[in-house]
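Here is final07.cif, consisting of mmCIF, C-alpha atoms:
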data_target
loop_
_atom_site.label_atom_id
_atom_site.label_comp_id
_atom_site.auth_asym_id
_atom_site.auth_seq_id
_atom_site.Cartn_x
_atom_site.Cartn_y
_atom_site.Cartn_z
CA MET A 1 34.74 95.37 -14.12
CA ALA A 2 31.33 95.07 -15.70
CA SER A 3 28.58 97.51 -14.79
CA TRP A 4 25.01 96.25 -14.38
CA VAL A 5 21.51 97.67 -14.65
CA LEU A 6 18.24 96.27 -13.36
CA SER A 7 15.67 95.57 -16.07
CA GLU A 8 12.43 93.66 -16.42
CA CYS A 9 14.41 90.69 -17.66
CA GLY A 10 16.91 90.66 -14.81
CA LEU A 11 20.48 91.85 -14.66
CA LYS A 12 21.82 93.22 -17.90
CA PRO A 13 25.23 94.73 -18.73
CA LEU A 14 25.31 98.37 -19.69
CA PRO A 15 25.90 98.79 -23.45
CA ARG A 16 29.60 99.09 -24.14
CA PHE A 17 29.35 102.55 -25.64
CA TYR A 18 28.96 103.97 -22.07
CA ALA A 19 32.43 104.48 -20.69
CA LYS A 20 31.17 104.46 -17.06
CA PRO A 21 27.84 103.77 -15.33
CA ARG A 22 25.87 106.85 -14.34
CA THR A 23 26.10 106.38 -10.59
CA GLY A 24 25.60 109.84 -9.13
CA GLN A 25 29.21 110.04 -7.96
CA ALA A 26 28.81 113.28 -6.00
CA PHE A 27 26.14 111.77 -3.74
CA LEU A 28 28.13 108.63 -3.04
CA ASN A 29 31.18 110.62 -2.08
CA SER A 30 29.24 112.69 0.45
CA ASN A 31 27.46 109.76 2.03
CA PRO A 32 29.47 106.60 1.38
CA SER A 33 27.40 103.48 1.09
CA LYS A 34 28.00 99.89 0.30
CA VAL A 35 25.83 97.58 -1.73
CA ARG A 36 26.01 93.86 -1.15
CA ILE A 37 24.48 91.30 -3.49
CA SER A 38 24.03 87.78 -2.16
CA ARG A 39 22.75 84.72 -3.92
CA THR A 40 19.92 82.98 -2.06
CA SER A 41 18.89 80.07 -4.27
CA GLY A 42 19.00 79.18 -7.94
CA ASN A 43 19.17 82.40 -9.83
CA ASP A 44 17.60 84.56 -7.05
CA TYR A 45 19.56 87.38 -5.45
CA SER A 46 18.99 89.68 -2.45
CA PHE A 47 20.32 93.21 -2.04
CA SER A 48 21.43 95.06 1.12
CA LEU A 49 22.48 98.71 1.46
CA SER A 50 24.80 99.91 4.25
CA SER A 51 25.13 103.69 4.64
CA GLY A 52 27.40 103.79 7.65
CA PHE A 53 24.54 104.56 10.10
CA ARG A 54 22.23 101.70 9.56
CA GLU A 55 21.73 98.83 7.22
CA ARG A 56 18.55 98.03 5.36
CA ASN A 57 17.81 94.78 3.61
CA TRP A 58 15.42 94.28 0.73
CA GLY A 59 14.33 90.76 -0.17
CA LEU A 60 14.11 91.51 -3.85
CA LYS A 61 14.24 88.36 -5.83
CA VAL A 62 15.60 89.01 -9.29
CA SER A 63 16.17 86.29 -11.81
CA ALA A 64 19.43 86.68 -13.69
CA PRO A 65 20.14 84.71 -16.83
CA LEU A 66 22.77 82.05 -16.60
CA ARG A 67 24.41 83.46 -19.70
CA VAL A 68 24.33 87.13 -20.57
CA GLN A 69 23.77 87.77 -24.23
CA PRO A 70 26.26 90.24 -25.76
CA VAL A 71 24.87 93.61 -26.77
CA GLU A 72 24.69 93.78 -30.53
CA GLU A 73 26.40 96.51 -32.46
CA ASN A 74 24.13 99.43 -33.10
CA LYS A 75 23.19 99.96 -36.73
CA GLU A 76 21.28 102.97 -37.87
CA GLU A 77 20.10 103.76 -41.37
CA GLY A 78 23.05 105.23 -43.21
CA LYS A 79 25.34 104.97 -40.17
CA ILE A 80 27.35 102.01 -38.99
CA LEU A 81 28.76 101.88 -35.46
CA ASN A 82 31.49 99.33 -34.89
CA GLY A 83 33.05 99.63 -31.46
CA ASP A 84 34.63 103.06 -31.26
CA GLU A 85 34.70 103.46 -35.04
CA SER A 86 31.83 105.00 -36.97
CA PHE A 87 31.26 105.80 -40.63
CA ASP A 88 28.36 107.68 -42.14
CA PRO A 89 28.36 107.41 -45.96
CA GLY A 90 26.07 110.45 -46.11
CA ALA A 91 28.52 112.70 -44.28
CA PRO A 92 30.63 115.17 -46.31
CA PRO A 93 33.98 113.53 -47.13
CA PRO A 94 37.18 114.92 -45.57
CA PHE A 95 38.78 115.33 -49.01
CA LYS A 96 38.13 117.35 -52.15
CA LEU A 97 37.94 116.54 -55.84
CA SER A 98 41.35 118.16 -56.24
CA ASP A 99 42.81 115.72 -53.68
CA ILE A 100 41.60 112.73 -55.71
CA LYS A 101 42.80 114.27 -58.96
CA ALA A 102 46.25 114.93 -57.50
CA ALA A 103 46.59 111.23 -56.59
CA ILE A 104 45.92 110.03 -60.14
CA PRO A 105 49.07 109.77 -62.32
CA LYS A 106 49.26 112.41 -65.04
CA HIS A 107 49.53 109.90 -67.88
CA CYS A 108 46.10 108.52 -66.95
CA TRP A 109 44.57 111.70 -68.38
CA VAL A 110 46.22 111.28 -71.79
CA LYS A 111 43.90 110.25 -74.64
CA ASP A 112 45.37 108.21 -77.48
CA PRO A 113 43.04 108.22 -80.52
CA TRP A 114 45.02 105.42 -82.20
CA LYS A 115 44.63 103.21 -79.16
CA SER A 116 40.93 104.05 -78.97
CA MET A 117 40.48 103.19 -82.65
CA SER A 118 42.32 99.91 -82.15
CA TYR A 119 39.61 98.85 -79.69
CA VAL A 120 36.94 99.79 -82.25
CA VAL A 121 38.64 97.70 -84.94
CA ARG A 122 39.02 94.78 -82.54
CA ASP A 123 35.36 94.80 -81.53
CA VAL A 124 34.00 95.28 -85.05
CA VAL A 125 36.12 92.38 -86.34
CA VAL A 126 34.80 90.15 -83.54
CA VAL A 127 31.19 91.19 -84.25
CA PHE A 128 31.37 90.37 -87.94
CA GLY A 129 33.38 87.21 -87.25
CA LEU A 130 30.76 85.89 -84.83
CA ALA A 131 27.96 86.67 -87.29
CA ALA A 132 29.79 84.89 -90.13
CA VAL A 133 30.42 81.78 -88.03
CA ALA A 134 26.81 81.67 -86.82
CA ALA A 135 25.43 82.04 -90.35
CA TYR A 136 27.79 79.33 -91.62
CA PHE A 137 26.92 76.71 -89.02
CA ASN A 138 23.27 77.76 -88.58
CA ASN A 139 23.03 75.21 -85.79
CA TRP A 140 20.66 75.37 -82.81
CA VAL A 141 23.43 74.13 -80.56
CA PHE A 142 25.57 77.10 -81.58
CA TRP A 143 22.89 79.82 -81.66
CA PRO A 144 22.50 80.35 -77.87
CA LEU A 145 26.26 80.72 -77.51
CA TYR A 146 26.27 83.20 -80.37
CA TRP A 147 23.43 85.25 -78.89
CA PHE A 148 25.21 85.68 -75.57
CA ALA A 149 28.59 86.42 -77.16
CA GLN A 150 27.23 88.81 -79.78
CA GLY A 151 24.97 90.59 -77.30
CA THR A 152 28.02 91.11 -75.09
CA MET A 153 29.95 92.51 -78.06
CA PHE A 154 27.09 94.91 -78.87
CA TRP A 155 27.42 96.11 -75.29
CA ALA A 156 31.18 96.56 -75.83
CA LEU A 157 30.44 98.70 -78.91
CA PHE A 158 28.12 100.81 -76.78
CA VAL A 159 30.86 101.41 -74.19
CA LEU A 160 33.25 102.66 -76.89
CA GLY A 161 30.54 105.01 -78.19
CA HIS A 162 29.98 106.04 -74.59
CA ASP A 163 33.66 107.11 -74.45
CA CYS A 164 33.09 109.17 -77.58
CA GLY A 165 30.19 110.92 -75.86
CA HIS A 166 32.38 111.82 -72.89
CA GLY A 167 35.26 113.02 -75.04
CA SER A 168 37.58 110.40 -73.53
CA PHE A 169 37.91 108.67 -76.91
CA SER A 170 40.09 111.49 -78.28
CA ASN A 171 40.64 115.25 -78.11
CA ASN A 172 39.10 115.62 -81.58
CA PRO A 173 35.34 116.41 -81.32
CA LYS A 174 34.75 115.48 -84.99
CA LEU A 175 36.39 112.09 -84.58
CA ASN A 176 34.39 111.50 -81.42
CA SER A 177 31.15 112.41 -83.20
CA VAL A 178 31.77 110.26 -86.28
CA ALA A 179 32.93 107.22 -84.30
CA GLY A 180 30.12 107.68 -81.78
CA HIS A 181 27.45 107.81 -84.48
CA LEU A 182 28.78 104.71 -86.26
CA LEU A 183 29.04 102.71 -83.06
CA HIS A 184 25.76 103.75 -81.46
CA SER A 185 23.61 103.85 -84.57
CA SER A 186 24.64 100.28 -85.37
CA ILE A 187 22.99 99.16 -82.12
CA LEU A 188 19.98 101.50 -82.40
CA VAL A 189 21.09 104.17 -79.94
CA PRO A 190 20.57 107.85 -80.92
CA TYR A 191 24.10 109.09 -80.23
CA HIS A 192 23.62 112.80 -79.48
CA GLY A 193 20.27 112.30 -77.77
CA TRP A 194 21.84 109.75 -75.46
CA ARG A 195 25.09 111.76 -75.08
CA ILE A 196 23.25 114.84 -73.83
CA SER A 197 21.03 112.98 -71.36
CA HIS A 198 24.01 110.98 -70.13
CA ARG A 199 25.90 114.22 -69.53
CA THR A 200 22.93 115.34 -67.40
CA HIS A 201 23.21 112.08 -65.47
CA HIS A 202 26.89 112.67 -64.68
CA GLN A 203 26.38 116.31 -63.75
CA ASN A 204 23.61 115.38 -61.29
CA HIS A 205 24.58 111.90 -60.12
CA GLY A 206 23.12 111.03 -56.74
CA HIS A 207 20.46 113.77 -56.86
CA VAL A 208 16.91 112.52 -56.27
CA GLU A 209 15.13 114.81 -58.73
CA ASN A 210 17.85 115.97 -61.14
CA ASP A 211 19.61 112.68 -61.90
CA GLU A 212 18.62 111.25 -65.25
CA SER A 213 18.95 107.47 -65.28
CA TRP A 214 17.91 104.93 -62.63
CA HIS A 215 17.25 107.71 -60.14
CA PRO A 216 14.89 106.84 -57.25
CA LEU A 217 11.20 107.57 -57.40
CA SER A 218 9.82 109.85 -54.72
CA GLU A 219 7.12 108.34 -52.52
CA LYS A 220 4.43 110.50 -54.12
CA ILE A 221 5.34 109.48 -57.68
CA TYR A 222 5.70 105.85 -56.66
CA LYS A 223 2.29 105.69 -54.99
CA ASN A 224 0.65 107.29 -58.03
CA LEU A 225 1.88 104.48 -60.28
CA ASP A 226 -0.67 101.83 -61.14
CA ASN A 227 -0.07 98.32 -59.85
CA VAL A 228 0.89 96.97 -63.26
CA THR A 229 3.62 99.58 -63.70
CA LYS A 230 4.98 98.84 -60.23
CA LYS A 231 5.10 95.14 -60.94
CA LEU A 232 6.82 95.63 -64.28
CA ARG A 233 9.37 98.03 -62.83
CA PHE A 234 10.45 95.71 -60.03
CA THR A 235 9.88 92.22 -61.45
CA LEU A 236 12.52 90.53 -63.58
CA PRO A 237 13.11 90.34 -66.49
CA PHE A 238 11.15 93.51 -67.30
CA PRO A 239 13.61 96.02 -65.76
CA LEU A 240 16.33 94.49 -67.94
CA LEU A 241 14.36 95.44 -71.05
CA ALA A 242 13.69 99.05 -70.04
CA TYR A 243 16.32 100.87 -72.10
CA PRO A 244 14.40 101.21 -75.41
CA ILE A 245 11.37 102.47 -73.47
CA TYR A 246 13.56 104.96 -71.61
CA LEU A 247 14.92 106.27 -74.91
CA TRP A 248 11.38 106.90 -76.14
CA SER A 249 9.75 108.29 -73.01
CA ARG A 250 12.31 108.61 -70.17
CA SER A 251 11.61 107.56 -66.57
CA PRO A 252 8.37 107.94 -64.56
CA GLY A 253 7.96 111.53 -63.45
CA LYS A 254 9.91 112.90 -66.42
CA THR A 255 8.78 113.78 -69.94
CA GLY A 256 10.51 113.94 -73.30
CA SER A 257 12.20 111.67 -75.83
CA HIS A 258 15.80 111.12 -76.90
CA TYR A 259 14.67 111.27 -80.54
CA HIS A 260 12.73 114.54 -80.50
CA PRO A 261 14.71 117.79 -80.88
CA ASP A 262 12.12 119.75 -78.88
CA SER A 263 12.27 117.36 -75.90
CA ASP A 264 12.71 118.69 -72.39
CA LEU A 265 16.08 116.96 -72.43
CA PHE A 266 17.61 119.47 -74.83
CA VAL A 267 18.22 123.18 -75.21
CA PRO A 268 17.59 124.98 -78.54
CA ASN A 269 21.22 124.97 -79.71
CA GLU A 270 21.26 121.15 -79.50
CA ARG A 271 18.46 120.70 -82.07
CA LYS A 272 20.76 119.98 -85.01
CA ASP A 273 22.72 117.39 -83.08
CA VAL A 274 19.57 115.57 -82.01
CA ILE A 275 18.13 115.64 -85.55
CA THR A 276 21.41 114.26 -86.95
CA SER A 277 21.39 111.35 -84.54
CA THR A 278 17.72 110.58 -85.12
CA VAL A 279 18.35 110.51 -88.89
CA CYS A 280 21.27 108.10 -88.38
CA TRP A 281 19.09 105.91 -86.15
CA THR A 282 16.36 105.91 -88.80
CA ALA A 283 18.91 104.94 -91.46
CA MET A 284 19.95 101.93 -89.38
CA VAL A 285 16.31 100.88 -89.02
CA ALA A 286 15.98 101.10 -92.83
CA ILE A 287 19.10 98.96 -93.29
CA LEU A 288 17.71 96.32 -90.96
CA ALA A 289 14.38 96.37 -92.81
CA GLY A 290 16.22 95.84 -96.08
CA LEU A 291 18.22 92.96 -94.60
CA SER A 292 15.01 91.29 -93.47
CA PHE A 293 13.87 91.13 -97.12
CA ILE A 294 17.25 89.78 -98.24
CA MET A 295 17.84 87.08 -95.59
CA GLY A 296 14.36 86.75 -94.11
CA PRO A 297 13.02 88.11 -90.81
CA VAL A 298 13.77 84.92 -88.86
CA GLN A 299 17.44 84.92 -89.84
CA LEU A 300 17.70 88.62 -89.04
CA LEU A 301 16.11 87.99 -85.68
CA LYS A 302 18.68 85.30 -84.93
CA LEU A 303 21.65 87.30 -86.17
CA TYR A 304 20.69 90.75 -84.86
CA GLY A 305 17.40 90.88 -82.95
CA ILE A 306 18.20 88.50 -80.09
CA PRO A 307 21.77 89.82 -79.61
CA TYR A 308 20.25 93.31 -79.45
CA ALA A 309 17.98 92.14 -76.61
CA ILE A 310 21.00 90.65 -74.79
CA PHE A 311 22.82 93.98 -75.24
CA VAL A 312 19.87 95.83 -73.68
CA MET A 313 19.95 93.46 -70.72
CA TRP A 314 23.67 94.07 -70.25
CA LEU A 315 23.15 97.82 -70.37
CA ASP A 316 20.29 97.83 -67.86
CA LEU A 317 22.05 95.40 -65.51
CA VAL A 318 25.34 97.30 -65.45
CA THR A 319 23.93 100.82 -65.25
CA TYR A 320 21.48 99.83 -62.48
CA LEU A 321 24.02 98.01 -60.31
CA HIS A 322 26.52 100.85 -60.51
CA HIS A 323 24.03 102.90 -58.48
CA HIS A 324 22.10 100.27 -56.50
CA GLY A 325 22.40 97.01 -54.65
CA HIS A 326 25.14 97.64 -52.08
CA ASP A 327 24.93 95.65 -48.83
CA GLU A 328 24.53 98.87 -46.85
CA LYS A 329 22.06 101.56 -47.85
CA LEU A 330 23.63 104.46 -49.68
CA PRO A 331 22.32 108.02 -49.57
CA TRP A 332 20.58 110.10 -52.22
CA TYR A 333 20.65 113.87 -51.92
CA ARG A 334 18.61 117.01 -52.43
CA GLY A 335 19.09 120.72 -51.92
CA LYS A 336 22.18 122.01 -50.16
CA GLU A 337 23.31 118.53 -49.13
CA TRP A 338 24.00 117.53 -52.72
CA SER A 339 27.36 118.20 -54.32
CA TYR A 340 29.08 116.76 -57.37
CA LEU A 341 31.59 114.95 -55.16
CA ARG A 342 29.09 113.54 -52.65
CA GLY A 343 26.79 112.37 -55.44
CA GLY A 344 29.65 110.69 -57.28
CA LEU A 345 30.76 108.85 -54.17
CA THR A 346 27.45 106.96 -54.04
CA THR A 347 28.37 105.10 -57.24
CA LEU A 348 29.73 101.55 -57.10
CA ASP A 349 32.48 99.60 -58.79
CA ARG A 350 31.63 96.08 -59.95
CA ASP A 351 33.76 93.12 -60.99
CA TYR A 352 32.61 91.24 -64.09
CA GLY A 353 35.24 88.51 -64.31
CA TRP A 354 36.25 87.69 -67.86
CA VAL A 355 33.91 90.36 -69.18
CA ASN A 356 35.96 93.20 -67.63
CA SER A 357 38.33 93.43 -70.58
CA ILE A 358 35.59 92.74 -73.14
CA HIS A 359 33.46 95.70 -72.07
CA HIS A 360 36.45 97.97 -71.53
CA ASP A 361 36.61 98.04 -67.72
CA ILE A 362 33.34 99.93 -67.34
CA GLY A 363 33.11 98.32 -63.88
CA THR A 364 35.61 100.90 -62.58
CA HIS A 365 32.70 103.27 -62.23
CA VAL A 366 33.50 105.54 -59.29
CA ILE A 367 36.50 107.25 -60.89
CA HIS A 368 34.72 107.27 -64.24
CA HIS A 369 31.79 109.14 -62.72
CA LEU A 370 33.99 111.71 -61.03
CA TYR A 371 36.34 112.15 -64.01
CA PRO A 372 34.59 110.92 -67.19
CA GLN A 373 37.36 112.39 -69.35
CA ILE A 374 39.78 109.61 -68.31
CA PRO A 375 40.04 106.98 -71.11
CA HIS A 376 38.76 103.54 -70.24
CA TYR A 377 42.20 101.96 -70.62
CA HIS A 378 43.52 104.06 -67.70
CA LEU A 379 40.58 103.61 -65.32
CA VAL A 380 41.96 100.60 -63.40
CA GLU A 381 45.25 102.34 -62.67
CA ALA A 382 43.52 105.60 -61.79
CA THR A 383 41.19 103.76 -59.39
CA GLU A 384 44.07 102.06 -57.59
CA ALA A 385 45.84 105.40 -57.20
CA ALA A 386 42.73 107.08 -55.80
CA LYS A 387 41.78 104.42 -53.24
CA PRO A 388 44.01 105.76 -50.41
CA VAL A 389 42.32 109.15 -50.74
CA LEU A 390 38.79 107.78 -50.99
CA GLY A 391 39.17 105.56 -47.91
CA LYS A 392 35.83 104.13 -46.73
CA TYR A 393 33.99 106.12 -49.38
CA TYR A 394 35.31 103.57 -51.85
CA ARG A 395 33.50 100.23 -51.59
CA GLU A 396 35.65 97.37 -52.82
CA PRO A 397 33.65 95.26 -55.30
CA LYS A 398 33.07 91.59 -54.66
CA LYS A 399 35.34 89.42 -56.79
CA SER A 400 33.55 87.62 -59.60
CA GLY A 401 34.04 84.24 -61.13
CA PRO A 402 34.68 83.97 -64.88
CA LEU A 403 31.07 85.07 -65.47
CA PRO A 404 29.40 87.58 -63.10
CA LEU A 405 26.37 85.40 -62.37
CA TYR A 406 26.34 86.53 -58.72
CA LEU A 407 25.17 89.96 -59.87
CA LEU A 408 21.77 88.51 -60.71
CA GLY A 409 21.29 87.79 -57.00
CA VAL A 410 22.37 91.33 -56.13
CA LEU A 411 19.88 92.68 -58.67
CA ILE A 412 17.00 90.57 -57.33
CA ARG A 413 17.64 91.63 -53.73
CA SER A 414 17.75 95.29 -54.71
CA MET A 415 14.54 95.01 -56.72
CA ARG A 416 12.82 93.57 -53.64
CA LYS A 417 13.74 96.41 -51.29
CA ASP A 418 14.78 99.57 -53.18
CA HIS A 419 11.41 101.02 -54.20
CA TYR A 420 11.16 104.73 -53.36
CA VAL A 421 12.56 107.53 -51.21
CA SER A 422 10.85 110.04 -48.95
CA ASP A 423 9.29 113.16 -50.47
CA SER A 424 11.11 115.30 -47.91
CA GLY A 425 14.63 115.48 -46.53
CA ASP A 426 17.91 116.44 -48.16
CA ILE A 427 19.57 113.09 -47.36
CA VAL A 428 17.29 110.13 -48.02
CA TYR A 429 17.57 106.37 -48.36
CA TYR A 430 15.55 103.80 -50.25
CA GLN A 431 12.43 102.46 -48.57
CA THR A 432 10.52 99.25 -49.23
CA ASP A 433 6.91 98.79 -50.23
CA SER A 434 5.96 95.77 -48.15
CA GLN A 435 2.79 95.23 -50.21
CA LEU A 436 4.57 94.93 -53.54
#
Kindly present the structure from the file in structure tokens form.
Amino acid sequence: MASWVLSECGLKPLPRFYAKPRTGQAFLNSNPSKVRISRTSGNDYSFSLSSGFRERNWGLKVSAPLRVQPVEENKEEGKILNGDESFDPGAPPPFKLSDIKAAIPKHCWVKDPWKSMSYVVRDVVVVFGLAAVAAYFNNWVFWPLYWFAQGTMFWALFVLGHDCGHGSFSNNPKLNSVAGHLLHSSILVPYHGWRISHRTHHQNHGHVENDESWHPLSEKIYKNLDNVTKKLRFTLPFPLLAYPIYLWSRSPGKTGSHYHPDSDLFVPNERKDVITSTVCWTAMVAILAGLSFIMGPVQLLKLYGIPYAIFVMWLDLVTYLHHHGHDEKLPWYRGKEWSYLRGGLTTLDRDYGWVNSIHHDIGTHVIHHLYPQIPHYHLVEATEAAKPVLGKYYREPKKSGPLPLYLLGVLIRSMRKDHYVSDSGDIVYYQTDSQL
């Protein structure tokens, strides 16, 4: 039987999360009374109270709606209440890293250098094949298709070099270093400089201050940015071209460069590695300069420059959306609330349609972030095995069509609302600058 309360708007049902109305049961038991409600006219009602000794009648006229609107489910920031079930993504999970690891088949941890190299050979052959076909036809109908395809392949090369940086390419550090330098230098990425900062990102994922890439700005830092910087940071396409700038000068609020051995990013014993990678990067720039004299700057721009820009867009899109843009707000942590597990559980998997196999299943990002030593060719299986343990902490990605065009809408929505987090608090959520 429904319970009712009297409000300014008439009769209203008690919200369903109260099991019983608060009626003062002890009083009613000691002095039993009866309440009668009678309808007088239209939607007007009168109330009478009988206490056993005498009866009093009040001519209160209360308008009741003809149709009672259902009470909406209560939604709080970071907490979703759905009937009797509740889930707070910022709460400590009921499982440990060891529980997830135990669920993943043992063969998923095995690294096969021959298999890894086969992916390198495949991608390099495709890259040179696309360039040869584009140069042969040299047709403006074909060029846009080439730019998208080659830019995507540059991104695939980056992902393989990324595996080298994590050590998931092979168990041989020298092989990882050589392959990583060849792959990353070819697309103008300083391998060791990036590898070290990316390691910092993984070790501090989900931490407001200590995370390295695409971490949220605190309110103080955000409000100290000039209006032009704010607009550029949150207005497309500029965020999709941020990676080269990040390599040179990092994110707002941080200092240092991926090319400089004395940068805040590195410790003294990493100087030689950083210098080596910067030299390799410089060598690639020299090769490109030489090619511009041989084939002309316009042809080089068409064959390499525009695909490089497409690669940068892929990198910024993917890395941003693996940490932003979920339908429900996800937490960021500070202080004692942060842990490696809780930070990793804020990452997101994404489906990229046909591109999944081209860019080596990098969309399986949750398990990759927790266990970056798993080779990319085992990530899908490892993710499926871990889902029962992760439960609601795993957010199933939306299925994509052949091309993940829907992600552009996700990116735009996130850019409109995910601007900064509070300067205080150990569990914080993105806030929106309504004036931006």
Q) Using only C-alpha atoms, which residues sit within 10 Å of A:His260 once same-chain residues fewer than 4 positions away are excluded, as a list in words? A) Gly193, Trp248, Gly256, Asp264, Leu265, Phe266, Arg271, Val274, Ile275 and Thr278 of chain A
Q: Figure out the distance between atom CA of A:Asp418 and atom CA of A:Ser257, please, to one decimal in Å.
A: 25.8 Å
Q | Evaluate the PyMOL selection byres ((chain A and resi 321-328) around 10) and report residues as a ChimeraX atom specification | A | /A:77-80,89,205-206,213-216,316-320,329-331,344-350,362-366,395,397,407-415,417-418,430
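Taking atom CA of A:Asp123 and atom CA of A:His360 as endpoints, the distance between them is 10.5 Å.
The gap separating atom CA of A:Asp211 from atom CA of A:Phe234 is 19.4 Å, in Å to one decimal.
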Q: Spell out the residues picked by the PyMOL selection byres ((chain A and resi 341) around 8) here, as a PyMOL selection string.
A: chain A and resi 96-97+339-340+342-345+370
**Q.** Selection result for the PyMOL selection byres ((chain A and resi 400) around 6) on this file, as a PyMOL selection string
**A.** chain A and resi 351-353+399+401+404
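Here the question is which of A:Val126, A:His202, A:Ile104, A:Thr276 gets nearest to A:Ala385 using all atoms listed in the file, and that residue is A:Ile104.
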Q) For A:Arg334, which residue out of A:Asn269, A:Asn204, A:Asn172, A:Ser118 is the nearest one, using only C-alpha atoms? A) A:Asn204
Q: Considering all atoms listed in the file, state which residue in the set A:Val389, A:Ala309, A:Cys164, A:Val421 is at the smallest distance from A:His207.
A: A:Val421
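Minimum distance to A:Pro94 across A:Leu390, A:Trp281, A:Tyr119, A:Asp423 (counting all atoms listed in the file) occurs at A:Leu390.
Among the candidates A:Pro375, A:Pro388, A:Pro190, A:Pro261, the one nearest to A:Asp99 when counting all atoms listed in the file is A:Pro388.
The smallest atom-to-atom distance between A:Ser434 and any of A:Val121, A:Gly180, A:His419, A:Lys387, using all atoms listed in the file, is found for A:His419.
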Reconstructed stretch 190-201 of chain A, atom set N, CA, C and O atoms, as a PDB file, keeping the file's coordinate frame:
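To be explicit, this is the file written out as part08.pdb:
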ATOM      1  N   PRO A 190      20.402 106.509 -80.350  1.00  0.00           N
ATOM      2  CA  PRO A 190      20.570 107.850 -80.920  1.00  0.00           C
ATOM      3  C   PRO A 190      21.721 108.572 -80.211  1.00  0.00           C
ATOM      4  O   PRO A 190      21.584 109.014 -79.075  1.00  0.00           O
ATOM      5  N   TYR A 191      22.860 108.697 -80.886  1.00  0.00           N
ATOM      6  CA  TYR A 191      24.100 109.090 -80.230  1.00  0.00           C
ATOM      7  C   TYR A 191      24.005 110.408 -79.479  1.00  0.00           C
ATOM      8  O   TYR A 191      24.257 110.464 -78.271  1.00  0.00           O
ATOM      9  N   HIS A 192      23.642 111.497 -80.149  1.00  0.00           N
ATOM     10  CA  HIS A 192      23.620 112.800 -79.480  1.00  0.00           C
ATOM     11  C   HIS A 192      22.507 112.873 -78.433  1.00  0.00           C
ATOM     12  O   HIS A 192      22.692 113.454 -77.360  1.00  0.00           O
ATOM     13  N   GLY A 193      21.351 112.305 -78.750  1.00  0.00           N
ATOM     14  CA  GLY A 193      20.270 112.300 -77.770  1.00  0.00           C
ATOM     15  C   GLY A 193      20.700 111.622 -76.486  1.00  0.00           C
ATOM     16  O   GLY A 193      20.492 112.136 -75.378  1.00  0.00           O
ATOM     17  N   TRP A 194      21.344 110.454 -76.641  1.00  0.00           N
ATOM     18  CA  TRP A 194      21.840 109.750 -75.460  1.00  0.00           C
ATOM     19  C   TRP A 194      22.994 110.533 -74.809  1.00  0.00           C
ATOM     20  O   TRP A 194      23.057 110.655 -73.577  1.00  0.00           O
ATOM     21  N   ARG A 195      23.916 111.059 -75.618  1.00  0.00           N
ATOM     22  CA  ARG A 195      25.090 111.760 -75.080  1.00  0.00           C
ATOM     23  C   ARG A 195      24.666 112.917 -74.169  1.00  0.00           C
ATOM     24  O   ARG A 195      25.212 113.102 -73.074  1.00  0.00           O
ATOM     25  N   ILE A 196      23.674 113.663 -74.599  1.00  0.00           N
ATOM     26  CA  ILE A 196      23.250 114.840 -73.830  1.00  0.00           C
ATOM     27  C   ILE A 196      22.570 114.416 -72.528  1.00  0.00           C
ATOM     28  O   ILE A 196      22.832 114.982 -71.458  1.00  0.00           O
ATOM     29  N   SER A 197      21.702 113.415 -72.587  1.00  0.00           N
ATOM     30  CA  SER A 197      21.030 112.980 -71.360  1.00  0.00           C
ATOM     31  C   SER A 197      22.021 112.315 -70.409  1.00  0.00           C
ATOM     32  O   SER A 197      21.914 112.442 -69.182  1.00  0.00           O
ATOM     33  N   HIS A 198      23.005 111.626 -70.965  1.00  0.00           N
ATOM     34  CA  HIS A 198      24.010 110.980 -70.130  1.00  0.00           C
ATOM     35  C   HIS A 198      24.901 112.028 -69.455  1.00  0.00           C
ATOM     36  O   HIS A 198      25.335 111.842 -68.315  1.00  0.00           O
ATOM     37  N   ARG A 199      25.166 113.110 -70.150  1.00  0.00           N
ATOM     38  CA  ARG A 199      25.900 114.220 -69.530  1.00  0.00           C
ATOM     39  C   ARG A 199      25.114 114.774 -68.346  1.00  0.00           C
ATOM     40  O   ARG A 199      25.685 115.072 -67.288  1.00  0.00           O
ATOM     41  N   THR A 200      23.786 114.888 -68.509  1.00  0.00           N
ATOM     42  CA  THR A 200      22.930 115.340 -67.400  1.00  0.00           C
ATOM     43  C   THR A 200      23.028 114.379 -66.222  1.00  0.00           C
ATOM     44  O   THR A 200      23.071 114.802 -65.058  1.00  0.00           O
ATOM     45  N   HIS A 201      23.070 113.086 -66.516  1.00  0.00           N
ATOM     46  CA  HIS A 201      23.210 112.080 -65.470  1.00  0.00           C
ATOM     47  C   HIS A 201      24.500 112.295 -64.676  1.00  0.00           C
ATOM     48  O   HIS A 201      24.491 112.308 -63.439  1.00  0.00           O
TER      49      HIS A 201
END
